[in-house]
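One file, work-v9.pdb, carrying PDB, N, CA and C atoms:
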```
ATOM      1  N   MET A  72     114.358  95.939 108.926
ATOM      2  CA  MET A  72     113.940  94.878 109.837
ATOM      3  C   MET A  72     112.851  95.364 110.801
ATOM      4  N   ASN A  73     112.706  96.677 110.941
ATOM      5  CA  ASN A  73     111.652  97.224 111.781
ATOM      6  C   ASN A  73     110.269  96.794 111.304
ATOM      7  N   THR A  74     110.082  96.757 110.000
ATOM      8  CA  THR A  74     108.793  96.368 109.443
ATOM      9  C   THR A  74     108.467  94.917 109.798
ATOM     10  N   VAL A  75     109.466  94.059 109.801
ATOM     11  CA  VAL A  75     109.249  92.656 110.172
ATOM     12  C   VAL A  75     108.742  92.583 111.609
ATOM     13  N   LYS A  76     109.391  93.301 112.492
ATOM     14  CA  LYS A  76     108.995  93.289 113.907
ATOM     15  C   LYS A  76     107.589  93.859 114.077
ATOM     16  N   GLU A  77     107.305  94.974 113.410
ATOM     17  CA  GLU A  77     105.975  95.584 113.494
ATOM     18  C   GLU A  77     104.907  94.626 112.969
ATOM     19  N   PHE A  78     105.197  93.995 111.828
ATOM     20  CA  PHE A  78     104.254  93.044 111.251
ATOM     21  C   PHE A  78     103.967  91.913 112.238
ATOM     22  N   CYS A  79     105.010  91.330 112.795
ATOM     23  CA  CYS A  79     104.836  90.211 113.740
ATOM     24  C   CYS A  79     104.031  90.638 114.959
ATOM     25  N   ASN A  80     104.333  91.807 115.500
ATOM     26  CA  ASN A  80     103.598  92.302 116.663
ATOM     27  C   ASN A  80     102.130  92.569 116.326
ATOM     28  N   ASN A  81     101.882  93.174 115.166
ATOM     29  CA  ASN A  81     100.502  93.445 114.751
ATOM     30  C   ASN A  81      99.732  92.143 114.565
ATOM     31  N   LEU A  82     100.359  91.179 113.921
ATOM     32  CA  LEU A  82      99.688  89.902 113.687
ATOM     33  C   LEU A  82      99.380  89.197 115.008
ATOM     34  N   LYS A  83     100.318  89.225 115.943
ATOM     35  CA  LYS A  83     100.077  88.621 117.259
ATOM     36  C   LYS A  83      98.897  89.293 117.953
ATOM     37  N   ASP A  84      98.842  90.632 117.882
ATOM     38  CA  ASP A  84      97.736  91.367 118.507
ATOM     39  C   ASP A  84      96.391  90.958 117.914
ATOM     40  N   ILE A  85      96.338  90.864 116.590
ATOM     41  CA  ILE A  85      95.092  90.475 115.923
ATOM     42  C   ILE A  85      94.708  89.053 116.302
ATOM     43  N   GLU A  86      95.670  88.152 116.306
ATOM     44  CA  GLU A  86      95.371  86.764 116.665
ATOM     45  C   GLU A  86      94.858  86.657 118.097
ATOM     46  N   LEU A  87      95.447  87.426 119.010
ATOM     47  CA  LEU A  87      94.965  87.422 120.397
ATOM     48  C   LEU A  87      93.544  87.974 120.487
ATOM     49  N   ASP A  88      93.281  89.063 119.770
ATOM     50  CA  ASP A  88      91.918  89.620 119.752
ATOM     51  C   ASP A  88      90.918  88.574 119.288
ATOM     52  N   LEU A  89      91.270  87.843 118.239
ATOM     53  CA  LEU A  89      90.354  86.832 117.718
ATOM     54  C   LEU A  89      90.154  85.693 118.707
ATOM     55  N   ARG A  90      91.229  85.239 119.329
ATOM     56  CA  ARG A  90      91.121  84.128 120.286
ATOM     57  C   ARG A  90      90.292  84.490 121.505
ATOM     58  N   PHE A  91      90.391  85.773 121.923
ATOM     59  CA  PHE A  91      89.653  86.216 123.103
ATOM     60  C   PHE A  91      88.315  86.853 122.749
ATOM     61  N   LEU A  92      87.838  86.542 121.527
ATOM     62  CA  LEU A  92      86.513  86.941 121.056
ATOM     63  C   LEU A  92      86.289  88.451 121.055
ATOM     64  N   ARG A  93      87.344  89.207 120.759
ATOM     65  CA  ARG A  93      87.220  90.663 120.648
ATOM     66  C   ARG A  93      86.980  91.094 119.208
ATOM     67  N   GLY A  94      87.031  90.154 118.278
ATOM     68  CA  GLY A  94      86.786  90.456 116.876
ATOM     69  C   GLY A  94      87.962  91.160 116.211
ATOM     70  N   LEU A  95      87.713  91.594 114.975
ATOM     71  CA  LEU A  95      88.749  92.290 114.204
ATOM     72  C   LEU A  95      88.700  93.780 114.506
ATOM     73  N   ASP A  96      89.854  94.349 114.778
ATOM     74  CA  ASP A  96      89.994  95.789 114.985
ATOM     75  C   ASP A  96      90.427  96.393 113.651
ATOM     76  N   ALA A  97      89.609  97.268 113.088
ATOM     77  CA  ALA A  97      89.871  97.840 111.760
ATOM     78  C   ALA A  97      91.223  98.554 111.694
ATOM     79  N   ASN A  98      91.603  99.250 112.743
ATOM     80  CA  ASN A  98      92.892  99.953 112.745
ATOM     81  C   ASN A  98      94.065  98.981 112.714
ATOM     82  N   LYS A  99      93.963  97.907 113.477
ATOM     83  CA  LYS A  99      95.022  96.905 113.489
ATOM     84  C   LYS A  99      95.126  96.199 112.143
ATOM     85  N   VAL A 100      93.974  95.924 111.539
ATOM     86  CA  VAL A 100      93.959  95.268 110.228
ATOM     87  C   VAL A 100      94.610  96.171 109.185
ATOM     88  N   CYS A 101      94.272  97.443 109.198
ATOM     89  CA  CYS A 101      94.846  98.405 108.249
ATOM     90  C   CYS A 101      96.361  98.497 108.422
ATOM     91  N   LYS A 102      96.799  98.557 109.658
ATOM     92  CA  LYS A 102      98.237  98.628 109.954
ATOM     93  C   LYS A 102      98.946  97.353 109.490
ATOM     94  N   LEU A 103      98.314  96.206 109.709
ATOM     95  CA  LEU A 103      98.888  94.928 109.278
ATOM     96  C   LEU A 103      99.050  94.896 107.762
ATOM     97  N   LYS A 104      98.025  95.333 107.052
ATOM     98  CA  LYS A 104      98.090  95.360 105.589
ATOM     99  C   LYS A 104      99.189  96.302 105.102
ATOM    100  N   ASP A 105      99.316  97.453 105.742
ATOM    101  CA  ASP A 105     100.382  98.397 105.379
ATOM    102  C   ASP A 105     101.756  97.768 105.583
ATOM    103  N   ASN A 106     101.941  97.114 106.733
ATOM    104  CA  ASN A 106     103.216  96.442 107.007
ATOM    105  C   ASN A 106     103.489  95.339 105.999
ATOM    106  N   LEU A 107     102.479  94.582 105.676
ATOM    107  CA  LEU A 107     102.645  93.480 104.729
ATOM    108  C   LEU A 107     102.962  94.008 103.332
ATOM    109  N   GLN A 108     102.360  95.114 102.957
ATOM    110  CA  GLN A 108     102.677  95.719 101.662
ATOM    111  C   GLN A 108     104.139  96.156 101.623
ATOM    112  N   LYS A 109     104.631  96.706 102.734
ATOM    113  CA  LYS A 109     106.046  97.092 102.822
ATOM    114  C   LYS A 109     106.941  95.857 102.713
ATOM    115  N   LEU A 110     106.536  94.767 103.356
ATOM    116  CA  LEU A 110     107.319  93.527 103.284
ATOM    117  C   LEU A 110     107.352  92.995 101.855
ATOM    118  N   ILE A 111     106.232  93.102 101.154
ATOM    119  CA  ILE A 111     106.200  92.676  99.754
ATOM    120  C   ILE A 111     107.233  93.461  98.962
ATOM    121  N   GLU A 112     107.269  94.754  99.170
ATOM    122  CA  GLU A 112     108.241  95.601  98.458
ATOM    123  C   GLU A 112     109.676  95.261  98.876
ATOM    124  N   ASP A 113     109.891  95.045 100.160
ATOM    125  CA  ASP A 113     111.238  94.750 100.672
ATOM    126  C   ASP A 113     111.791  93.427 100.148
ATOM    127  N   PHE A 114     110.926  92.442  99.974
ATOM    128  CA  PHE A 114     111.403  91.095  99.649
ATOM    129  C   PHE A 114     111.099  90.627  98.229
ATOM    130  N   LYS A 115     110.490  91.477  97.420
ATOM    131  CA  LYS A 115     110.083  91.035  96.083
ATOM    132  C   LYS A 115     111.253  90.609  95.204
ATOM    133  N   ASP A 116     112.422  91.169  95.415
ATOM    134  CA  ASP A 116     113.592  90.817  94.606
ATOM    135  C   ASP A 116     114.612  89.977  95.375
ATOM    136  N   LYS A 117     114.214  89.464  96.517
ATOM    137  CA  LYS A 117     115.119  88.679  97.359
ATOM    138  C   LYS A 117     114.860  87.187  97.151
ATOM    139  N   ASP A 118     115.881  86.398  97.465
ATOM    140  CA  ASP A 118     115.760  84.943  97.359
ATOM    141  C   ASP A 118     115.238  84.293  98.630
ATOM    142  N   SER A 119     115.134  85.076  99.704
ATOM    143  CA  SER A 119     114.666  84.506 100.962
ATOM    144  C   SER A 119     114.001  85.595 101.809
ATOM    145  N   ILE A 120     113.276  85.136 102.821
ATOM    146  CA  ILE A 120     112.683  86.039 103.806
ATOM    147  C   ILE A 120     113.159  85.591 105.176
ATOM    148  N   PRO A 121     113.061  86.457 106.191
ATOM    149  CA  PRO A 121     113.482  86.059 107.537
ATOM    150  C   PRO A 121     112.693  84.845 108.051
ATOM    151  N   LYS A 122     113.376  84.015 108.781
ATOM    152  CA  LYS A 122     112.800  82.785 109.317
ATOM    153  C   LYS A 122     111.532  83.040 110.134
ATOM    154  N   ILE A 123     111.513  84.115 110.897
ATOM    155  CA  ILE A 123     110.345  84.412 111.728
ATOM    156  C   ILE A 123     109.101  84.637 110.867
ATOM    157  N   LEU A 124     109.272  85.260 109.701
ATOM    158  CA  LEU A 124     108.136  85.458 108.805
ATOM    159  C   LEU A 124     107.614  84.126 108.283
ATOM    160  N   CYS A 125     108.516  83.208 107.998
ATOM    161  CA  CYS A 125     108.097  81.881 107.516
ATOM    162  C   CYS A 125     107.135  81.231 108.501
ATOM    163  N   GLY A 126     107.465  81.291 109.763
ATOM    164  CA  GLY A 126     106.601  80.702 110.787
ATOM    165  C   GLY A 126     105.232  81.346 110.823
ATOM    166  N   TYR A 127     105.208  82.672 110.808
ATOM    167  CA  TYR A 127     103.928  83.370 110.818
ATOM    168  C   TYR A 127     103.134  83.090 109.549
ATOM    169  N   PHE A 128     103.800  83.088 108.415
ATOM    170  CA  PHE A 128     103.109  82.839 107.150
ATOM    171  C   PHE A 128     102.517  81.429 107.119
ATOM    172  N   LEU A 129     103.246  80.456 107.647
ATOM    173  CA  LEU A 129     102.752  79.071 107.642
ATOM    174  C   LEU A 129     101.564  78.866 108.578
ATOM    175  N   ASP A 130     101.589  79.525 109.718
ATOM    176  CA  ASP A 130     100.567  79.300 110.739
ATOM    177  C   ASP A 130      99.345  80.196 110.607
ATOM    178  N   PHE A 131      99.477  81.294 109.899
ATOM    179  CA  PHE A 131      98.439  82.323 109.904
ATOM    180  C   PHE A 131      97.048  81.807 109.551
ATOM    181  N   TYR A 132      96.902  81.189 108.395
ATOM    182  CA  TYR A 132      95.553  80.850 107.930
ATOM    183  C   TYR A 132      94.866  79.852 108.855
ATOM    184  N   SER A 133      95.562  78.808 109.229
ATOM    185  CA  SER A 133      94.924  77.792 110.080
ATOM    186  C   SER A 133      94.560  78.363 111.455
ATOM    187  N   THR A 134      95.393  79.217 111.988
ATOM    188  CA  THR A 134      95.120  79.844 113.281
ATOM    189  C   THR A 134      93.896  80.751 113.189
ATOM    190  N   THR A 135      93.843  81.543 112.131
ATOM    191  CA  THR A 135      92.735  82.474 111.959
ATOM    192  C   THR A 135      91.437  81.729 111.670
ATOM    193  N   GLU A 136      91.522  80.694 110.877
ATOM    194  CA  GLU A 136      90.337  79.885 110.568
ATOM    195  C   GLU A 136      89.782  79.227 111.841
ATOM    196  N   ALA A 137      90.675  78.733 112.677
ATOM    197  CA  ALA A 137      90.235  78.112 113.931
ATOM    198  C   ALA A 137      89.542  79.140 114.832
ATOM    199  N   SER A 138      90.095  80.343 114.886
ATOM    200  CA  SER A 138      89.471  81.390 115.694
ATOM    201  C   SER A 138      88.122  81.791 115.119
ATOM    202  N   ALA A 139      88.022  81.858 113.799
ATOM    203  CA  ALA A 139      86.767  82.253 113.148
ATOM    204  C   ALA A 139      85.628  81.309 113.505
ATOM    205  N   SER A 140      85.944  80.057 113.748
ATOM    206  CA  SER A 140      84.899  79.074 114.062
ATOM    207  C   SER A 140      84.186  79.379 115.385
ATOM    208  N   MET A 141      84.753  80.256 116.187
ATOM    209  CA  MET A 141      84.140  80.617 117.466
ATOM    210  C   MET A 141      83.133  81.761 117.319
ATOM    211  N   TYR A 142      83.026  82.338 116.127
ATOM    212  CA  TYR A 142      82.163  83.486 115.890
ATOM    213  C   TYR A 142      80.899  83.089 115.140
ATOM    214  N   LYS A 143      79.901  83.942 115.207
ATOM    215  CA  LYS A 143      78.638  83.717 114.493
ATOM    216  C   LYS A 143      78.776  84.179 113.044
ATOM    217  N   ASP A 144      77.793  83.878 112.259
ATOM    218  CA  ASP A 144      77.755  83.999 110.804
ATOM    219  C   ASP A 144      78.480  85.193 110.182
ATOM    220  N   SER A 145      77.977  86.400 110.348
ATOM    221  CA  SER A 145      78.550  87.548 109.636
ATOM    222  C   SER A 145      79.964  87.859 110.106
ATOM    223  N   GLU A 146      80.197  87.761 111.406
ATOM    224  CA  GLU A 146      81.541  88.026 111.923
ATOM    225  C   GLU A 146      82.508  86.936 111.470
ATOM    226  N   LYS A 147      82.045  85.704 111.452
ATOM    227  CA  LYS A 147      82.865  84.598 110.971
ATOM    228  C   LYS A 147      83.246  84.820 109.512
ATOM    229  N   SER A 148      82.308  85.216 108.689
ATOM    230  CA  SER A 148      82.583  85.492 107.275
ATOM    231  C   SER A 148      83.593  86.619 107.113
ATOM    232  N   LYS A 149      83.443  87.650 107.916
ATOM    233  CA  LYS A 149      84.366  88.792 107.881
ATOM    234  C   LYS A 149      85.796  88.348 108.223
ATOM    235  N   ILE A 150      85.923  87.509 109.228
ATOM    236  CA  ILE A 150      87.239  87.015 109.647
ATOM    237  C   ILE A 150      87.842  86.120 108.566
ATOM    238  N   LEU A 151      87.036  85.257 107.980
ATOM    239  CA  LEU A 151      87.551  84.374 106.927
ATOM    240  C   LEU A 151      87.945  85.171 105.682
ATOM    241  N   GLN A 152      87.210  86.215 105.370
ATOM    242  CA  GLN A 152      87.569  87.083 104.243
ATOM    243  C   GLN A 152      88.899  87.785 104.523
ATOM    244  N   PHE A 153      89.066  88.267 105.749
ATOM    245  CA  PHE A 153      90.329  88.868 106.177
ATOM    246  C   PHE A 153      91.466  87.861 106.021
ATOM    247  N   ALA A 154      91.242  86.627 106.464
ATOM    248  CA  ALA A 154      92.267  85.591 106.380
ATOM    249  C   ALA A 154      92.670  85.328 104.938
ATOM    250  N   GLU A 155      91.696  85.262 104.044
ATOM    251  CA  GLU A 155      91.985  85.041 102.616
ATOM    252  C   GLU A 155      92.812  86.183 102.041
ATOM    253  N   GLU A 156      92.426  87.403 102.365
ATOM    254  CA  GLU A 156      93.128  88.573 101.833
ATOM    255  C   GLU A 156      94.582  88.627 102.318
ATOM    256  N   ILE A 157      94.783  88.418 103.604
ATOM    257  CA  ILE A 157      96.144  88.449 104.154
ATOM    258  C   ILE A 157      96.951  87.269 103.624
ATOM    259  N   ASN A 158      96.340  86.112 103.530
ATOM    260  CA  ASN A 158      97.035  84.938 103.015
ATOM    261  C   ASN A 158      97.511  85.174 101.579
ATOM    262  N   GLU A 159      96.681  85.804 100.770
ATOM    263  CA  GLU A 159      97.076  86.115  99.397
ATOM    264  C   GLU A 159      98.247  87.095  99.374
ATOM    265  N   MET A 160      98.231  88.081 100.248
ATOM    266  CA  MET A 160      99.349  89.032 100.327
ATOM    267  C   MET A 160     100.632  88.314 100.761
ATOM    268  N   MET A 161     100.495  87.365 101.659
ATOM    269  CA  MET A 161     101.657  86.583 102.088
ATOM    270  C   MET A 161     102.223  85.784 100.921
ATOM    271  N   ARG A 162     101.344  85.211 100.101
ATOM    272  CA  ARG A 162     101.795  84.472  98.914
ATOM    273  C   ARG A 162     102.560  85.389  97.972
ATOM    274  N   ILE A 163     102.063  86.590  97.778
ATOM    275  CA  ILE A 163     102.741  87.546  96.903
ATOM    276  C   ILE A 163     104.127  87.869  97.447
ATOM    277  N   CYS A 164     104.242  87.983  98.754
ATOM    278  CA  CYS A 164     105.522  88.318  99.391
ATOM    279  C   CYS A 164     106.594  87.267  99.094
ATOM    280  N   VAL A 165     106.189  86.012  99.032
ATOM    281  CA  VAL A 165     107.167  84.939  98.838
ATOM    282  C   VAL A 165     107.152  84.355  97.431
ATOM    283  N   ASP A 166     106.393  84.979  96.538
ATOM    284  CA  ASP A 166     106.290  84.475  95.166
ATOM    285  C   ASP A 166     107.656  84.476  94.489
ATOM    286  N   VAL A 167     107.939  83.386  93.847
ATOM    287  CA  VAL A 167     109.187  83.248  93.109
ATOM    288  C   VAL A 167     108.843  83.139  91.631
ATOM    289  N   MET A 168     109.305  84.108  90.864
ATOM    290  CA  MET A 168     109.040  84.100  89.422
ATOM    291  C   MET A 168     110.226  83.480  88.708
ATOM    292  N   HIS A 169     109.960  82.520  87.819
ATOM    293  CA  HIS A 169     111.022  81.877  87.051
ATOM    294  C   HIS A 169     110.936  82.309  85.616
TER
END
```

Any chance you could put this one into C-alpha cells?
Amino acid sequence: MNTVKEFCNNLKDIELDLRFLRGLDANKVCKLKDNLQKLIEDFKDKDSIPKILCGYFLDFYSTTEASASMYKDSEKSKILQFAEEINEMMRICVDVMH
C-alpha cells in the first residue's frame, strides 16, 4: 500500500506544478512512472484496485489537459505527451483480460 500512497503524492505534486506554471519536473515524472509500473505489477492479477486510485485514474487526463492549455507550444506538447503516456500506463494497470 506504500506504493499507492507514493503514487498519489507524486501525482498531486506534478498536478500542482502544472497548475502553478512550474512545468514538468523530470525527477518527479520518473518517480511517478516507477510507482505506476509497481502498481501495474501489484494489481495485474487482481480483480480490483483501491478506490483512491480509481479517482486519480479518472481525473488525471482531463486535469492534465486543462493545465497544458496554459502553456505555450513546445511545453504544451510535452505535457500532453506525458499525459498520454501516463494514461496508457493507467489503462494497463486496470486492464481486464477475458

Point to revise | Explicit residues for the PyMOL selection byres (((chain A and resi 154 and name CA) around 12) and name CA) (as JSON, numbers by chain) | key: {"A": [82, 85, 86, 89, 95, 100, 103, 104, 128, 130, 131, 132, 133, 134, 135, 136, 137, 138, 139, 147, 148, 149, 150, 151, 152, 153, 155, 156, 157, 158, 159, 160, 161]}

Point to revise | Point-to-point distance from atom N of Met141 of chain A to atom N of Lys76 of chain A, Å rounded to tenths | key: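 Answer for the atom N of Met141 of chain A to atom N of Lys76 of chain A separation: 28.1 Å.
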
Review point. Expressed in Å to a single decimal, how great is the separation between atom N of Lys109 of chain A and atom CA of Ser140 of chain A?
Key: 28.8 Å

Review point. Taking only C-alpha atoms into account, which of A:Val165, A:Lys122, A:Glu146, A:Lys99 comes nearest Asn80 of chain A?
Key: A:Lys99

Review point. How many Å lie between atom CA of Leu87 of chain A and atom CA of Arg162 of chain A, rounded to one decimal?
Key: 22.7 Å

Check your understanding: For the point (106.6, 91.7, 98.4) in file coordinates, what residues are within 10 Å, counting only C-alpha atoms? Give the answer as a list in words?
Key ->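 Protein, DNA and RNA residues close to (106.6, 91.7, 98.4): Leu107, Gln108, Lys109, Leu110, Ile111, Glu112, Asp113, Phe114, Lys115, Asp116, Lys117, Ile120, Met160, Met161, Arg162, Ile163, Cys164, Val165 and Asp166 of chain A.
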
Point to revise | Counting only C-alpha atoms, the residue of A:Thr74, A:Cys79, A:Asp84, A:Asn98 that sits nearest Cys125 of chain A | key: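 Looking at the shortest contact to Cys125 of chain A, the residue is A:Cys79.
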
Restore all heavy atoms in segment 145-156 of chain A and list the result as a PDB file, keeping the file's coordinate frame.
```pdb
ATOM      1  N   SER A 145      77.977  86.400 110.348  1.00  0.00           N
ATOM      2  CA  SER A 145      78.550  87.548 109.636  1.00  0.00           C
ATOM      3  C   SER A 145      79.964  87.859 110.106  1.00  0.00           C
ATOM      4  O   SER A 145      80.839  88.185 109.303  1.00  0.00           O
ATOM      5  CB  SER A 145      77.656  88.784 109.745  1.00  0.00           C
ATOM      6  OG  SER A 145      77.576  89.221 111.079  1.00  0.00           O
ATOM      7  N   GLU A 146      80.197  87.761 111.406  1.00  0.00           N
ATOM      8  CA  GLU A 146      81.541  88.026 111.923  1.00  0.00           C
ATOM      9  C   GLU A 146      82.508  86.936 111.470  1.00  0.00           C
ATOM     10  O   GLU A 146      83.655  87.219 111.119  1.00  0.00           O
ATOM     11  CB  GLU A 146      81.518  88.118 113.453  1.00  0.00           C
ATOM     12  CG  GLU A 146      82.813  88.624 114.052  1.00  0.00           C
ATOM     13  CD  GLU A 146      83.148  90.075 113.724  1.00  0.00           C
ATOM     14  OE1 GLU A 146      82.258  90.840 113.338  1.00  0.00           O
ATOM     15  OE2 GLU A 146      84.328  90.445 113.864  1.00  0.00           O
ATOM     16  N   LYS A 147      82.045  85.704 111.452  1.00  0.00           N
ATOM     17  CA  LYS A 147      82.865  84.598 110.971  1.00  0.00           C
ATOM     18  C   LYS A 147      83.246  84.820 109.512  1.00  0.00           C
ATOM     19  O   LYS A 147      84.413  84.660 109.139  1.00  0.00           O
ATOM     20  CB  LYS A 147      82.107  83.281 111.119  1.00  0.00           C
ATOM     21  CG  LYS A 147      82.876  82.072 110.660  1.00  0.00           C
ATOM     22  CD  LYS A 147      82.067  80.798 110.867  1.00  0.00           C
ATOM     23  CE  LYS A 147      82.844  79.587 110.416  1.00  0.00           C
ATOM     24  NZ  LYS A 147      82.107  78.338 110.684  1.00  0.00           N
ATOM     25  N   SER A 148      82.308  85.216 108.689  1.00  0.00           N
ATOM     26  CA  SER A 148      82.583  85.492 107.275  1.00  0.00           C
ATOM     27  C   SER A 148      83.593  86.619 107.113  1.00  0.00           C
ATOM     28  O   SER A 148      84.485  86.553 106.265  1.00  0.00           O
ATOM     29  CB  SER A 148      81.296  85.859 106.545  1.00  0.00           C
ATOM     30  OG  SER A 148      80.434  84.766 106.502  1.00  0.00           O
ATOM     31  N   LYS A 149      83.443  87.650 107.916  1.00  0.00           N
ATOM     32  CA  LYS A 149      84.366  88.792 107.881  1.00  0.00           C
ATOM     33  C   LYS A 149      85.796  88.348 108.223  1.00  0.00           C
ATOM     34  O   LYS A 149      86.755  88.743 107.567  1.00  0.00           O
ATOM     35  CB  LYS A 149      83.871  89.855 108.869  1.00  0.00           C
ATOM     36  CG  LYS A 149      84.666  91.121 108.911  1.00  0.00           C
ATOM     37  CD  LYS A 149      84.019  92.077 109.916  1.00  0.00           C
ATOM     38  CE  LYS A 149      84.922  93.236 110.238  1.00  0.00           C
ATOM     39  NZ  LYS A 149      84.367  94.118 111.269  1.00  0.00           N
ATOM     40  N   ILE A 150      85.923  87.509 109.228  1.00  0.00           N
ATOM     41  CA  ILE A 150      87.239  87.015 109.647  1.00  0.00           C
ATOM     42  C   ILE A 150      87.842  86.120 108.566  1.00  0.00           C
ATOM     43  O   ILE A 150      89.032  86.232 108.254  1.00  0.00           O
ATOM     44  CB  ILE A 150      87.138  86.281 111.006  1.00  0.00           C
ATOM     45  CG1 ILE A 150      86.778  87.279 112.107  1.00  0.00           C
ATOM     46  CG2 ILE A 150      88.449  85.562 111.331  1.00  0.00           C
ATOM     47  CD1 ILE A 150      86.327  86.643 113.407  1.00  0.00           C
ATOM     48  N   LEU A 151      87.036  85.257 107.980  1.00  0.00           N
ATOM     49  CA  LEU A 151      87.551  84.374 106.927  1.00  0.00           C
ATOM     50  C   LEU A 151      87.945  85.171 105.682  1.00  0.00           C
ATOM     51  O   LEU A 151      88.940  84.844 105.027  1.00  0.00           O
ATOM     52  CB  LEU A 151      86.524  83.299 106.582  1.00  0.00           C
ATOM     53  CG  LEU A 151      86.297  82.252 107.678  1.00  0.00           C
ATOM     54  CD1 LEU A 151      85.150  81.331 107.304  1.00  0.00           C
ATOM     55  CD2 LEU A 151      87.574  81.469 107.964  1.00  0.00           C
ATOM     56  N   GLN A 152      87.210  86.215 105.370  1.00  0.00           N
ATOM     57  CA  GLN A 152      87.569  87.083 104.243  1.00  0.00           C
ATOM     58  C   GLN A 152      88.899  87.785 104.523  1.00  0.00           C
ATOM     59  O   GLN A 152      89.765  87.877 103.654  1.00  0.00           O
ATOM     60  CB  GLN A 152      86.473  88.114 103.994  1.00  0.00           C
ATOM     61  CG  GLN A 152      86.737  89.010 102.818  1.00  0.00           C
ATOM     62  CD  GLN A 152      85.599  89.993 102.579  1.00  0.00           C
ATOM     63  OE1 GLN A 152      84.577  89.990 103.265  1.00  0.00           O
ATOM     64  NE2 GLN A 152      85.782  90.844 101.592  1.00  0.00           N
ATOM     65  N   PHE A 153      89.066  88.267 105.749  1.00  0.00           N
ATOM     66  CA  PHE A 153      90.329  88.868 106.177  1.00  0.00           C
ATOM     67  C   PHE A 153      91.466  87.861 106.021  1.00  0.00           C
ATOM     68  O   PHE A 153      92.533  88.189 105.481  1.00  0.00           O
ATOM     69  CB  PHE A 153      90.203  89.323 107.641  1.00  0.00           C
ATOM     70  CG  PHE A 153      91.507  89.485 108.365  1.00  0.00           C
ATOM     71  CD1 PHE A 153      92.328  90.570 108.120  1.00  0.00           C
ATOM     72  CD2 PHE A 153      91.909  88.538 109.303  1.00  0.00           C
ATOM     73  CE1 PHE A 153      93.534  90.712 108.799  1.00  0.00           C
ATOM     74  CE2 PHE A 153      93.103  88.675 109.986  1.00  0.00           C
ATOM     75  CZ  PHE A 153      93.924  89.771 109.731  1.00  0.00           C
ATOM     76  N   ALA A 154      91.242  86.627 106.464  1.00  0.00           N
ATOM     77  CA  ALA A 154      92.267  85.591 106.380  1.00  0.00           C
ATOM     78  C   ALA A 154      92.670  85.328 104.938  1.00  0.00           C
ATOM     79  O   ALA A 154      93.864  85.198 104.630  1.00  0.00           O
ATOM     80  CB  ALA A 154      91.784  84.304 107.043  1.00  0.00           C
ATOM     81  N   GLU A 155      91.696  85.262 104.044  1.00  0.00           N
ATOM     82  CA  GLU A 155      91.985  85.041 102.616  1.00  0.00           C
ATOM     83  C   GLU A 155      92.812  86.183 102.041  1.00  0.00           C
ATOM     84  O   GLU A 155      93.778  85.955 101.302  1.00  0.00           O
ATOM     85  CB  GLU A 155      90.686  84.896 101.826  1.00  0.00           C
ATOM     86  CG  GLU A 155      89.948  83.609 102.065  1.00  0.00           C
ATOM     87  CD  GLU A 155      90.652  82.405 101.468  1.00  0.00           C
ATOM     88  OE1 GLU A 155      91.429  82.550 100.513  1.00  0.00           O
ATOM     89  OE2 GLU A 155      90.412  81.295 101.967  1.00  0.00           O
ATOM     90  N   GLU A 156      92.426  87.403 102.365  1.00  0.00           N
ATOM     91  CA  GLU A 156      93.128  88.573 101.833  1.00  0.00           C
ATOM     92  C   GLU A 156      94.582  88.627 102.318  1.00  0.00           C
ATOM     93  O   GLU A 156      95.503  88.834 101.527  1.00  0.00           O
ATOM     94  CB  GLU A 156      92.390  89.840 102.250  1.00  0.00           C
ATOM     95  CG  GLU A 156      92.941  91.091 101.636  1.00  0.00           C
ATOM     96  CD  GLU A 156      92.133  92.325 102.003  1.00  0.00           C
ATOM     97  OE1 GLU A 156      91.053  92.211 102.621  1.00  0.00           O
ATOM     98  OE2 GLU A 156      92.605  93.416 101.664  1.00  0.00           O
TER      99      GLU A 156
END
```
